[in-house]
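Participant: Provided herewith: model_24.cif, mmCIF, N, CA, C and O atoms.
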data_query
#
loop_
_atom_site.group_PDB
_atom_site.id
_atom_site.type_symbol
_atom_site.label_atom_id
_atom_site.label_comp_id
_atom_site.auth_asym_id
_atom_site.auth_seq_id
_atom_site.Cartn_x
_atom_site.Cartn_y
_atom_site.Cartn_z
ATOM 1 N N ARG A 1 141.182 133.555 30.385
ATOM 2 C CA ARG A 1 139.998 132.746 30.205
ATOM 3 C C ARG A 1 139.916 132.329 28.746
ATOM 4 O O ARG A 1 140.052 133.140 27.842
ATOM 5 N N TRP A 2 139.705 131.044 28.508
ATOM 6 C CA TRP A 2 139.606 130.498 27.159
ATOM 7 C C TRP A 2 138.166 130.615 26.650
ATOM 8 O O TRP A 2 137.228 130.399 27.399
ATOM 9 N N PRO A 3 137.989 130.913 25.362
ATOM 10 C CA PRO A 3 136.631 130.948 24.805
ATOM 11 C C PRO A 3 135.985 129.568 24.889
ATOM 12 O O PRO A 3 136.649 128.552 24.685
ATOM 13 N N GLU A 4 134.700 129.545 25.177
ATOM 14 C CA GLU A 4 133.980 128.270 25.273
ATOM 15 C C GLU A 4 133.949 127.528 23.943
ATOM 16 O O GLU A 4 133.908 126.305 23.914
ATOM 17 N N ASP A 5 133.981 128.276 22.847
ATOM 18 C CA ASP A 5 133.892 127.640 21.529
ATOM 19 C C ASP A 5 135.243 127.656 20.795
ATOM 20 O O ASP A 5 135.300 127.782 19.583
ATOM 21 N N LEU A 6 136.330 127.514 21.544
ATOM 22 C CA LEU A 6 137.672 127.585 20.975
ATOM 23 C C LEU A 6 137.879 126.588 19.836
ATOM 24 O O LEU A 6 138.430 126.924 18.797
ATOM 25 N N PHE A 7 137.453 125.357 20.010
ATOM 26 C CA PHE A 7 137.703 124.327 19.005
ATOM 27 C C PHE A 7 136.523 124.083 18.066
ATOM 28 O O PHE A 7 136.655 123.368 17.082
ATOM 29 N N ARG A 8 135.386 124.656 18.373
ATOM 30 C CA ARG A 8 134.213 124.563 17.496
ATOM 31 C C ARG A 8 133.464 125.891 17.589
ATOM 32 O O ARG A 8 132.498 126.024 18.345
ATOM 33 N N PRO A 9 133.929 126.903 16.825
ATOM 34 C CA PRO A 9 133.342 128.239 16.927
ATOM 35 C C PRO A 9 131.861 128.264 16.593
ATOM 36 O O PRO A 9 131.420 127.601 15.656
ATOM 37 N N ALA A 10 131.110 128.995 17.379
ATOM 38 C CA ALA A 10 129.681 129.172 17.134
ATOM 39 C C ALA A 10 129.479 130.130 15.961
ATOM 40 O O ALA A 10 130.262 131.060 15.763
ATOM 41 N N SER A 11 128.447 129.906 15.182
ATOM 42 C CA SER A 11 128.125 130.800 14.071
ATOM 43 C C SER A 11 127.710 132.167 14.594
ATOM 44 O O SER A 11 127.156 132.273 15.684
ATOM 45 N N GLY A 12 127.996 133.195 13.826
ATOM 46 C CA GLY A 12 127.583 134.547 14.182
ATOM 47 C C GLY A 12 128.751 135.519 14.197
ATOM 48 O O GLY A 12 129.884 135.176 13.885
ATOM 49 N N HIS A 13 128.436 136.732 14.577
ATOM 50 C CA HIS A 13 129.407 137.830 14.639
ATOM 51 C C HIS A 13 129.523 138.277 16.091
ATOM 52 O O HIS A 13 128.506 138.450 16.762
ATOM 53 N N ARG A 14 130.744 138.436 16.568
ATOM 54 C CA ARG A 14 130.934 138.951 17.924
ATOM 55 C C ARG A 14 132.252 139.701 18.002
ATOM 56 O O ARG A 14 133.159 139.474 17.213
ATOM 57 N N SER A 15 132.329 140.585 18.963
ATOM 58 C CA SER A 15 133.516 141.408 19.141
ATOM 59 C C SER A 15 133.767 141.588 20.632
ATOM 60 O O SER A 15 132.822 141.709 21.410
ATOM 61 N N GLU A 16 135.038 141.589 21.012
ATOM 62 C CA GLU A 16 135.406 141.779 22.408
ATOM 63 C C GLU A 16 136.562 142.765 22.474
ATOM 64 O O GLU A 16 137.514 142.669 21.707
ATOM 65 N N VAL A 17 136.476 143.720 23.390
ATOM 66 C CA VAL A 17 137.523 144.729 23.574
ATOM 67 C C VAL A 17 138.088 144.577 24.975
ATOM 68 O O VAL A 17 137.330 144.477 25.942
ATOM 69 N N ARG A 18 139.414 144.553 25.058
ATOM 70 C CA ARG A 18 140.083 144.482 26.368
ATOM 71 C C ARG A 18 141.085 145.611 26.469
ATOM 72 O O ARG A 18 141.930 145.793 25.602
ATOM 73 N N ASN A 19 140.961 146.379 27.551
ATOM 74 C CA ASN A 19 141.941 147.422 27.844
ATOM 75 C C ASN A 19 143.043 146.827 28.701
ATOM 76 O O ASN A 19 142.778 145.968 29.538
ATOM 77 N N MET A 20 144.264 147.280 28.487
ATOM 78 C CA MET A 20 145.414 146.747 29.212
ATOM 79 C C MET A 20 146.205 147.890 29.833
ATOM 80 O O MET A 20 146.465 148.891 29.178
ATOM 81 N N ALA A 21 146.593 147.726 31.081
ATOM 82 C CA ALA A 21 147.506 148.666 31.718
ATOM 83 C C ALA A 21 148.922 148.230 31.355
ATOM 84 O O ALA A 21 149.287 147.072 31.519
ATOM 85 N N LEU A 22 149.719 149.146 30.862
ATOM 86 C CA LEU A 22 151.093 148.845 30.456
ATOM 87 C C LEU A 22 152.076 149.241 31.546
ATOM 88 O O LEU A 22 151.769 150.107 32.388
ATOM 89 N N PRO A 23 153.261 148.630 31.577
ATOM 90 C CA PRO A 23 154.232 148.899 32.642
ATOM 91 C C PRO A 23 154.626 150.371 32.783
ATOM 92 O O PRO A 23 154.952 150.829 33.875
ATOM 93 N N ASP A 24 154.576 151.130 31.685
ATOM 94 C CA ASP A 24 154.960 152.548 31.754
ATOM 95 C C ASP A 24 153.825 153.456 32.229
ATOM 96 O O ASP A 24 153.955 154.671 32.250
ATOM 97 N N GLY A 25 152.684 152.862 32.597
ATOM 98 C CA GLY A 25 151.551 153.646 33.091
ATOM 99 C C GLY A 25 150.536 153.999 32.012
ATOM 100 O O GLY A 25 149.450 154.484 32.324
ATOM 101 N N SER A 26 150.868 153.783 30.756
ATOM 102 C CA SER A 26 149.913 154.068 29.689
ATOM 103 C C SER A 26 148.960 152.874 29.531
ATOM 104 O O SER A 26 149.105 151.867 30.214
ATOM 105 N N GLU A 27 148.007 153.032 28.632
ATOM 106 C CA GLU A 27 147.048 151.962 28.385
ATOM 107 C C GLU A 27 147.094 151.526 26.937
ATOM 108 O O GLU A 27 147.427 152.310 26.050
ATOM 109 N N GLY A 28 146.735 150.289 26.712
ATOM 110 C CA GLY A 28 146.596 149.752 25.375
ATOM 111 C C GLY A 28 145.249 149.087 25.256
ATOM 112 O O GLY A 28 144.520 148.941 26.235
ATOM 113 N N ARG A 29 144.921 148.695 24.038
ATOM 114 C CA ARG A 29 143.627 148.059 23.825
ATOM 115 C C ARG A 29 143.767 146.973 22.762
ATOM 116 O O ARG A 29 144.448 147.156 21.754
ATOM 117 N N ILE A 30 143.102 145.853 22.986
ATOM 118 C CA ILE A 30 143.053 144.758 22.024
ATOM 119 C C ILE A 30 141.589 144.497 21.698
ATOM 120 O O ILE A 30 140.767 144.326 22.598
ATOM 121 N N THR A 31 141.279 144.485 20.411
ATOM 122 C CA THR A 31 139.927 144.206 19.945
ATOM 123 C C THR A 31 139.965 142.960 19.074
ATOM 124 O O THR A 31 140.731 142.898 18.118
ATOM 125 N N VAL A 32 139.157 141.970 19.423
ATOM 126 C CA VAL A 32 139.067 140.728 18.654
ATOM 127 C C VAL A 32 137.639 140.626 18.111
ATOM 128 O O VAL A 32 136.683 140.658 18.878
ATOM 129 N N THR A 33 137.531 140.524 16.786
ATOM 130 C CA THR A 33 136.237 140.390 16.131
ATOM 131 C C THR A 33 136.213 139.050 15.401
ATOM 132 O O THR A 33 137.167 138.715 14.694
ATOM 133 N N ILE A 34 135.136 138.309 15.576
ATOM 134 C CA ILE A 34 134.999 136.988 14.957
ATOM 135 C C ILE A 34 133.709 136.930 14.162
ATOM 136 O O ILE A 34 132.658 137.365 14.638
ATOM 137 N N ASP A 35 133.823 136.403 12.947
ATOM 138 C CA ASP A 35 132.673 136.091 12.100
ATOM 139 C C ASP A 35 132.775 134.619 11.753
ATOM 140 O O ASP A 35 133.806 134.179 11.246
ATOM 141 N N ALA A 36 131.745 133.856 12.029
ATOM 142 C CA ALA A 36 131.752 132.434 11.705
ATOM 143 C C ALA A 36 130.407 132.046 11.118
ATOM 144 O O ALA A 36 129.378 132.578 11.520
ATOM 145 N N ALA A 37 130.445 131.135 10.165
ATOM 146 C CA ALA A 37 129.208 130.660 9.546
ATOM 147 C C ALA A 37 129.285 129.149 9.407
ATOM 148 O O ALA A 37 130.315 128.613 9.006
ATOM 149 N N GLY A 38 128.218 128.500 9.751
ATOM 150 C CA GLY A 38 128.154 127.054 9.639
ATOM 151 C C GLY A 38 127.292 126.643 8.471
ATOM 152 O O GLY A 38 126.444 127.396 8.008
ATOM 153 N N SER A 39 127.525 125.435 8.002
ATOM 154 C CA SER A 39 126.662 124.873 6.963
ATOM 155 C C SER A 39 125.457 124.240 7.655
ATOM 156 O O SER A 39 125.411 124.141 8.876
ATOM 157 N N GLY A 40 124.497 123.801 6.894
ATOM 158 C CA GLY A 40 123.285 123.241 7.462
ATOM 159 C C GLY A 40 123.483 121.943 8.227
ATOM 160 O O GLY A 40 122.642 121.553 9.023
ATOM 161 N N ASP A 41 124.616 121.271 8.031
ATOM 162 C CA ASP A 41 124.848 119.978 8.693
ATOM 163 C C ASP A 41 125.659 120.093 9.979
ATOM 164 O O ASP A 41 126.132 119.101 10.510
ATOM 165 N N GLY A 42 125.830 121.319 10.488
ATOM 166 C CA GLY A 42 126.540 121.510 11.746
ATOM 167 C C GLY A 42 128.036 121.706 11.615
ATOM 168 O O GLY A 42 128.720 121.944 12.604
ATOM 169 N N MET A 43 128.562 121.616 10.403
ATOM 170 C CA MET A 43 129.987 121.820 10.186
ATOM 171 C C MET A 43 130.285 123.306 9.989
ATOM 172 O O MET A 43 129.435 124.059 9.518
ATOM 173 N N LEU A 44 131.482 123.721 10.337
ATOM 174 C CA LEU A 44 131.913 125.101 10.136
ATOM 175 C C LEU A 44 132.237 125.308 8.662
ATOM 176 O O LEU A 44 132.930 124.498 8.043
ATOM 177 N N ASP A 45 131.726 126.381 8.087
ATOM 178 C CA ASP A 45 131.892 126.682 6.674
ATOM 179 C C ASP A 45 132.916 127.792 6.453
ATOM 180 O O ASP A 45 133.709 127.748 5.532
ATOM 181 N N HIS A 46 132.866 128.798 7.300
ATOM 182 C CA HIS A 46 133.697 129.994 7.152
ATOM 183 C C HIS A 46 134.010 130.547 8.535
ATOM 184 O O HIS A 46 133.131 130.610 9.396
ATOM 185 N N PHE A 47 135.260 130.941 8.744
ATOM 186 C CA PHE A 47 135.665 131.520 10.024
ATOM 187 C C PHE A 47 136.648 132.641 9.747
ATOM 188 O O PHE A 47 137.599 132.472 8.987
ATOM 189 N N GLU A 48 136.407 133.796 10.345
ATOM 190 C CA GLU A 48 137.289 134.945 10.173
ATOM 191 C C GLU A 48 137.525 135.602 11.524
ATOM 192 O O GLU A 48 136.577 135.901 12.251
ATOM 193 N N ARG A 49 138.794 135.809 11.865
ATOM 194 C CA ARG A 49 139.146 136.483 13.120
ATOM 195 C C ARG A 49 140.020 137.679 12.775
ATOM 196 O O ARG A 49 140.998 137.565 12.052
ATOM 197 N N ASN A 50 139.655 138.836 13.323
ATOM 198 C CA ASN A 50 140.400 140.065 13.110
ATOM 199 C C ASN A 50 140.858 140.569 14.477
ATOM 200 O O ASN A 50 140.031 140.720 15.388
ATOM 201 N N VAL A 51 142.158 140.807 14.645
ATOM 202 C CA VAL A 51 142.708 141.282 15.911
ATOM 203 C C VAL A 51 143.366 142.641 15.676
ATOM 204 O O VAL A 51 144.238 142.771 14.818
ATOM 205 N N VAL A 52 142.933 143.641 16.435
ATOM 206 C CA VAL A 52 143.504 144.982 16.359
ATOM 207 C C VAL A 52 144.149 145.289 17.707
ATOM 208 O O VAL A 52 143.494 145.203 18.748
ATOM 209 N N THR A 53 145.443 145.643 17.669
ATOM 210 C CA THR A 53 146.186 145.998 18.876
ATOM 211 C C THR A 53 146.569 147.464 18.787
ATOM 212 O O THR A 53 147.186 147.883 17.801
ATOM 213 N N GLU A 54 146.185 148.233 19.803
ATOM 214 C CA GLU A 54 146.511 149.659 19.846
ATOM 215 C C GLU A 54 147.346 149.920 21.089
ATOM 216 O O GLU A 54 146.868 149.765 22.213
ATOM 217 N N LEU A 55 148.597 150.310 20.877
ATOM 218 C CA LEU A 55 149.539 150.559 21.976
ATOM 219 C C LEU A 55 150.388 151.776 21.654
ATOM 220 O O LEU A 55 150.962 151.873 20.561
ATOM 221 N N GLY A 56 150.490 152.702 22.584
ATOM 222 C CA GLY A 56 151.386 153.839 22.431
ATOM 223 C C GLY A 56 151.234 154.605 21.130
ATOM 224 O O GLY A 56 152.221 154.992 20.518
ATOM 225 N N GLY A 57 150.022 154.816 20.680
ATOM 226 C CA GLY A 57 149.793 155.572 19.458
ATOM 227 C C GLY A 57 149.976 154.760 18.184
ATOM 228 O O GLY A 57 149.883 155.302 17.090
ATOM 229 N N THR A 58 150.244 153.473 18.293
ATOM 230 C CA THR A 58 150.367 152.619 17.108
ATOM 231 C C THR A 58 149.153 151.706 17.013
ATOM 232 O O THR A 58 148.484 151.440 18.002
ATOM 233 N N ARG A 59 148.915 151.235 15.814
ATOM 234 C CA ARG A 59 147.790 150.324 15.574
ATOM 235 C C ARG A 59 148.276 149.211 14.657
ATOM 236 O O ARG A 59 148.827 149.477 13.587
ATOM 237 N N ARG A 60 148.065 147.978 15.086
ATOM 238 C CA ARG A 60 148.424 146.815 14.273
ATOM 239 C C ARG A 60 147.197 145.930 14.127
ATOM 240 O O ARG A 60 146.454 145.742 15.078
ATOM 241 N N GLU A 61 147.038 145.407 12.921
ATOM 242 C CA GLU A 61 145.867 144.578 12.640
ATOM 243 C C GLU A 61 146.316 143.274 11.981
ATOM 244 O O GLU A 61 147.184 143.280 11.113
ATOM 245 N N SER A 62 145.732 142.181 12.431
ATOM 246 C CA SER A 62 145.990 140.888 11.793
ATOM 247 C C SER A 62 144.662 140.202 11.537
ATOM 248 O O SER A 62 143.688 140.428 12.250
ATOM 249 N N MET A 63 144.645 139.369 10.498
ATOM 250 C CA MET A 63 143.403 138.698 10.137
ATOM 251 C C MET A 63 143.704 137.257 9.759
ATOM 252 O O MET A 63 144.706 136.972 9.101
ATOM 253 N N GLU A 64 142.824 136.372 10.196
ATOM 254 C CA GLU A 64 142.878 134.960 9.807
ATOM 255 C C GLU A 64 141.553 134.630 9.144
ATOM 256 O O GLU A 64 140.503 134.992 9.664
ATOM 257 N N VAL A 65 141.611 133.950 8.011
ATOM 258 C CA VAL A 65 140.394 133.551 7.308
ATOM 259 C C VAL A 65 140.518 132.075 6.957
ATOM 260 O O VAL A 65 141.516 131.652 6.372
ATOM 261 N N PHE A 66 139.503 131.314 7.343
ATOM 262 C CA PHE A 66 139.455 129.892 7.032
ATOM 263 C C PHE A 66 138.155 129.604 6.288
ATOM 264 O O PHE A 66 137.089 130.021 6.719
ATOM 265 N N ARG A 67 138.257 128.907 5.191
ATOM 266 C CA ARG A 67 137.086 128.432 4.461
ATOM 267 C C ARG A 67 137.224 126.927 4.357
ATOM 268 O O ARG A 67 138.254 126.419 3.917
ATOM 269 N N LEU A 68 136.195 126.237 4.771
ATOM 270 C CA LEU A 68 136.252 124.779 4.783
ATOM 271 C C LEU A 68 135.285 124.203 3.773
ATOM 272 O O LEU A 68 134.153 124.668 3.648
ATOM 273 N N GLU A 69 135.733 123.181 3.074
ATOM 274 C CA GLU A 69 134.894 122.478 2.119
ATOM 275 C C GLU A 69 134.926 120.998 2.394
ATOM 276 O O GLU A 69 135.976 120.452 2.728
ATOM 277 N N ARG A 70 133.805 120.374 2.222
ATOM 278 C CA ARG A 70 133.730 118.925 2.395
ATOM 279 C C ARG A 70 134.403 118.267 1.191
ATOM 280 O O ARG A 70 134.179 118.637 0.049
ATOM 281 N N ILE A 71 135.257 117.281 1.458
ATOM 282 C CA ILE A 71 135.896 116.507 0.393
ATOM 283 C C ILE A 71 134.963 115.366 0.036
ATOM 284 O O ILE A 71 134.519 114.617 0.897
ATOM 285 N N ARG A 72 134.679 115.242 -1.196
ATOM 286 C CA ARG A 72 133.728 114.209 -1.630
ATOM 287 C C ARG A 72 134.435 113.022 -2.203
ATOM 288 O O ARG A 72 135.424 113.032 -2.769
#
Rewrite the structure from the file as structure tokens, please.
Facilitator:
Amino acid sequence: RWPEDLFRPASGHRSEVRNMALPDGSEGRITVTIDAAGSGDGMLDHFERNVVTELGGTRRESMEVFRLERIR
């Protein structure tokens, strides 16, 4: 399922956790946390996505940060 705000993220903080059954019978977990802030004119100002993957006793984290400025 695709996020409703995939191409225009809504302002605010949200987090989603998904558990996954793995082929070997163990479980994994993916946590996606999003922080987004808009400017007063409806444009996106700041967007941060943090993804944590936990599988088989390992933990991996990735982060994307976007800051947008209006070109004058």
Participant: Rounded to one decimal, what separation in Å do you get between atom O of A:Val65 and atom C of A:Pro9?
Facilitator: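 Atom-to-atom, atom O of A:Val65 and atom C of A:Pro9 are spaced 14.5 Å apart.
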Participant: Taking all atoms listed in the file into account, which of A:His13, A:Gly57, A:Met43, A:Asp5 comes nearest A:Glu27?
Facilitator: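 For A:Glu27, the nearest of the candidates is A:Gly57.
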Participant: Have a look at A:Ala36, A:Arg29, A:Gly12, A:Leu44 and name the one nearest to A:Arg60; count only N, CA, C and O atoms.
Facilitator: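 The closest residue to A:Arg60 is A:Arg29.
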Participant: Using only C-alpha atoms, which of the listed residues (A:Pro3, A:Ser39, A:Asp45, A:Ile34) sits closest to A:Ser15?
Facilitator: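 Ranked by minimum distance to A:Ser15, first place goes to A:Ile34.
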Participant: Among stretch 5-60 of chain A, which ones does DSSP assign to strand (DSSP E or B) (computed from the backbone)? Answer as JSON, numbers by chain.
Facilitator: {"A": [12, 13, 14, 15, 16, 17, 18, 19, 20, 21, 27, 28, 29, 30, 31, 32, 33, 34, 35, 36, 37, 38, 44, 45, 46, 47, 48, 49, 50, 51, 52, 53, 54, 55, 58, 59, 60]}
Participant: Next, write the just-selected residues to a file, as a tab-separated table (two decimals), keeping the file's coordinate frame, keeping N, CA, C and O atoms as the atom set.
Facilitator:
chain	number	residue	atom	x	y	z
A	12	GLY	N	128.00	133.20	13.83
A	12	GLY	CA	127.58	134.55	14.18
A	12	GLY	C	128.75	135.52	14.20
A	12	GLY	O	129.88	135.18	13.88
A	13	HIS	N	128.44	136.73	14.58
A	13	HIS	CA	129.41	137.83	14.64
A	13	HIS	C	129.52	138.28	16.09
A	13	HIS	O	128.51	138.45	16.76
A	14	ARG	N	130.74	138.44	16.57
A	14	ARG	CA	130.93	138.95	17.92
A	14	ARG	C	132.25	139.70	18.00
A	14	ARG	O	133.16	139.47	17.21
A	15	SER	N	132.33	140.58	18.96
A	15	SER	CA	133.52	141.41	19.14
A	15	SER	C	133.77	141.59	20.63
A	15	SER	O	132.82	141.71	21.41
A	16	GLU	N	135.04	141.59	21.01
A	16	GLU	CA	135.41	141.78	22.41
A	16	GLU	C	136.56	142.76	22.47
A	16	GLU	O	137.51	142.67	21.71
A	17	VAL	N	136.48	143.72	23.39
A	17	VAL	CA	137.52	144.73	23.57
A	17	VAL	C	138.09	144.58	24.98
A	17	VAL	O	137.33	144.48	25.94
A	18	ARG	N	139.41	144.55	25.06
A	18	ARG	CA	140.08	144.48	26.37
A	18	ARG	C	141.08	145.61	26.47
A	18	ARG	O	141.93	145.79	25.60
A	19	ASN	N	140.96	146.38	27.55
A	19	ASN	CA	141.94	147.42	27.84
A	19	ASN	C	143.04	146.83	28.70
A	19	ASN	O	142.78	145.97	29.54
A	20	MET	N	144.26	147.28	28.49
A	20	MET	CA	145.41	146.75	29.21
A	20	MET	C	146.21	147.89	29.83
A	20	MET	O	146.46	148.89	29.18
A	21	ALA	N	146.59	147.73	31.08
A	21	ALA	CA	147.51	148.67	31.72
A	21	ALA	C	148.92	148.23	31.36
A	21	ALA	O	149.29	147.07	31.52
A	27	GLU	N	148.01	153.03	28.63
A	27	GLU	CA	147.05	151.96	28.38
A	27	GLU	C	147.09	151.53	26.94
A	27	GLU	O	147.43	152.31	26.05
A	28	GLY	N	146.74	150.29	26.71
A	28	GLY	CA	146.60	149.75	25.38
A	28	GLY	C	145.25	149.09	25.26
A	28	GLY	O	144.52	148.94	26.24
A	29	ARG	N	144.92	148.70	24.04
A	29	ARG	CA	143.63	148.06	23.82
A	29	ARG	C	143.77	146.97	22.76
A	29	ARG	O	144.45	147.16	21.75
A	30	ILE	N	143.10	145.85	22.99
A	30	ILE	CA	143.05	144.76	22.02
A	30	ILE	C	141.59	144.50	21.70
A	30	ILE	O	140.77	144.33	22.60
A	31	THR	N	141.28	144.49	20.41
A	31	THR	CA	139.93	144.21	19.94
A	31	THR	C	139.96	142.96	19.07
A	31	THR	O	140.73	142.90	18.12
A	32	VAL	N	139.16	141.97	19.42
A	32	VAL	CA	139.07	140.73	18.65
A	32	VAL	C	137.64	140.63	18.11
A	32	VAL	O	136.68	140.66	18.88
A	33	THR	N	137.53	140.52	16.79
A	33	THR	CA	136.24	140.39	16.13
A	33	THR	C	136.21	139.05	15.40
A	33	THR	O	137.17	138.72	14.69
A	34	ILE	N	135.14	138.31	15.58
A	34	ILE	CA	135.00	136.99	14.96
A	34	ILE	C	133.71	136.93	14.16
A	34	ILE	O	132.66	137.36	14.64
A	35	ASP	N	133.82	136.40	12.95
A	35	ASP	CA	132.67	136.09	12.10
A	35	ASP	C	132.78	134.62	11.75
A	35	ASP	O	133.81	134.18	11.25
A	36	ALA	N	131.74	133.86	12.03
A	36	ALA	CA	131.75	132.43	11.70
A	36	ALA	C	130.41	132.05	11.12
A	36	ALA	O	129.38	132.58	11.52
A	37	ALA	N	130.44	131.14	10.16
A	37	ALA	CA	129.21	130.66	9.55
A	37	ALA	C	129.28	129.15	9.41
A	37	ALA	O	130.32	128.61	9.01
A	38	GLY	N	128.22	128.50	9.75
A	38	GLY	CA	128.15	127.05	9.64
A	38	GLY	C	127.29	126.64	8.47
A	38	GLY	O	126.44	127.40	8.01
A	44	LEU	N	131.48	123.72	10.34
A	44	LEU	CA	131.91	125.10	10.14
A	44	LEU	C	132.24	125.31	8.66
A	44	LEU	O	132.93	124.50	8.04
A	45	ASP	N	131.73	126.38	8.09
A	45	ASP	CA	131.89	126.68	6.67
A	45	ASP	C	132.92	127.79	6.45
A	45	ASP	O	133.71	127.75	5.53
A	46	HIS	N	132.87	128.80	7.30
A	46	HIS	CA	133.70	129.99	7.15
A	46	HIS	C	134.01	130.55	8.54
A	46	HIS	O	133.13	130.61	9.40
A	47	PHE	N	135.26	130.94	8.74
A	47	PHE	CA	135.66	131.52	10.02
A	47	PHE	C	136.65	132.64	9.75
A	47	PHE	O	137.60	132.47	8.99
A	48	GLU	N	136.41	133.80	10.34
A	48	GLU	CA	137.29	134.94	10.17
A	48	GLU	C	137.52	135.60	11.52
A	48	GLU	O	136.58	135.90	12.25
A	49	ARG	N	138.79	135.81	11.86
A	49	ARG	CA	139.15	136.48	13.12
A	49	ARG	C	140.02	137.68	12.78
A	49	ARG	O	141.00	137.56	12.05
A	50	ASN	N	139.66	138.84	13.32
A	50	ASN	CA	140.40	140.06	13.11
A	50	ASN	C	140.86	140.57	14.48
A	50	ASN	O	140.03	140.72	15.39
A	51	VAL	N	142.16	140.81	14.64
A	51	VAL	CA	142.71	141.28	15.91
A	51	VAL	C	143.37	142.64	15.68
A	51	VAL	O	144.24	142.77	14.82
A	52	VAL	N	142.93	143.64	16.43
A	52	VAL	CA	143.50	144.98	16.36
A	52	VAL	C	144.15	145.29	17.71
A	52	VAL	O	143.49	145.20	18.75
A	53	THR	N	145.44	145.64	17.67
A	53	THR	CA	146.19	146.00	18.88
A	53	THR	C	146.57	147.46	18.79
A	53	THR	O	147.19	147.88	17.80
A	54	GLU	N	146.18	148.23	19.80
A	54	GLU	CA	146.51	149.66	19.85
A	54	GLU	C	147.35	149.92	21.09
A	54	GLU	O	146.87	149.76	22.21
A	55	LEU	N	148.60	150.31	20.88
A	55	LEU	CA	149.54	150.56	21.98
A	55	LEU	C	150.39	151.78	21.65
A	55	LEU	O	150.96	151.87	20.56
A	58	THR	N	150.24	153.47	18.29
A	58	THR	CA	150.37	152.62	17.11
A	58	THR	C	149.15	151.71	17.01
A	58	THR	O	148.48	151.44	18.00
A	59	ARG	N	148.92	151.24	15.81
A	59	ARG	CA	147.79	150.32	15.57
A	59	ARG	C	148.28	149.21	14.66
A	59	ARG	O	148.83	149.48	13.59
A	60	ARG	N	148.06	147.98	15.09
A	60	ARG	CA	148.42	146.82	14.27
A	60	ARG	C	147.20	145.93	14.13
A	60	ARG	O	146.45	145.74	15.08
Participant: Excluding A:Gly42 and any residue of its chain fewer than 4 positions from it, enumerate the residues within 8 Å of it, using only N, CA, C and O atoms, and give them as number ranges by chain.
Facilitator: A: 8-9, 37-38
Participant: Just say which residues the PyMOL selection byres ((chain A and resi 31) around 4.5) picks in this file, as a VMD selection string.
Facilitator: chain A and resid 16 to 17 29 to 30 32 to 33 50 to 52
Participant: How far is it from atom N of A:Leu22 to atom C of A:Arg49, in Å with one decimal?
Facilitator: 23.5 Å
Participant: Work out where the centre of an axis-aligned box around every listed atom of stretch 51-58 of chain A lies and how long its edges are once 3 Å is added on each side; give both in Å to one decimal as JSON.
Facilitator:
{"center_x": 147.2, "center_y": 148.2, "center_z": 18.6, "size_x": 16.1, "size_y": 20.8, "size_z": 13.9}
Participant: Between atom CA of A:Glu61 and atom CA of A:His46, what distance in Å does the model show, to one decimal?
Facilitator: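 Atom-to-atom, atom CA of A:Glu61 and atom CA of A:His46 are spaced 19.8 Å apart.
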Participant: Find the residue from A:Asp41, A:Glu54, A:Glu4, A:Glu48 that sits nearest to A:Gly28; use all atoms listed in the file when measuring.
Facilitator: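 Smallest distance to A:Gly28 is found for A:Glu54.
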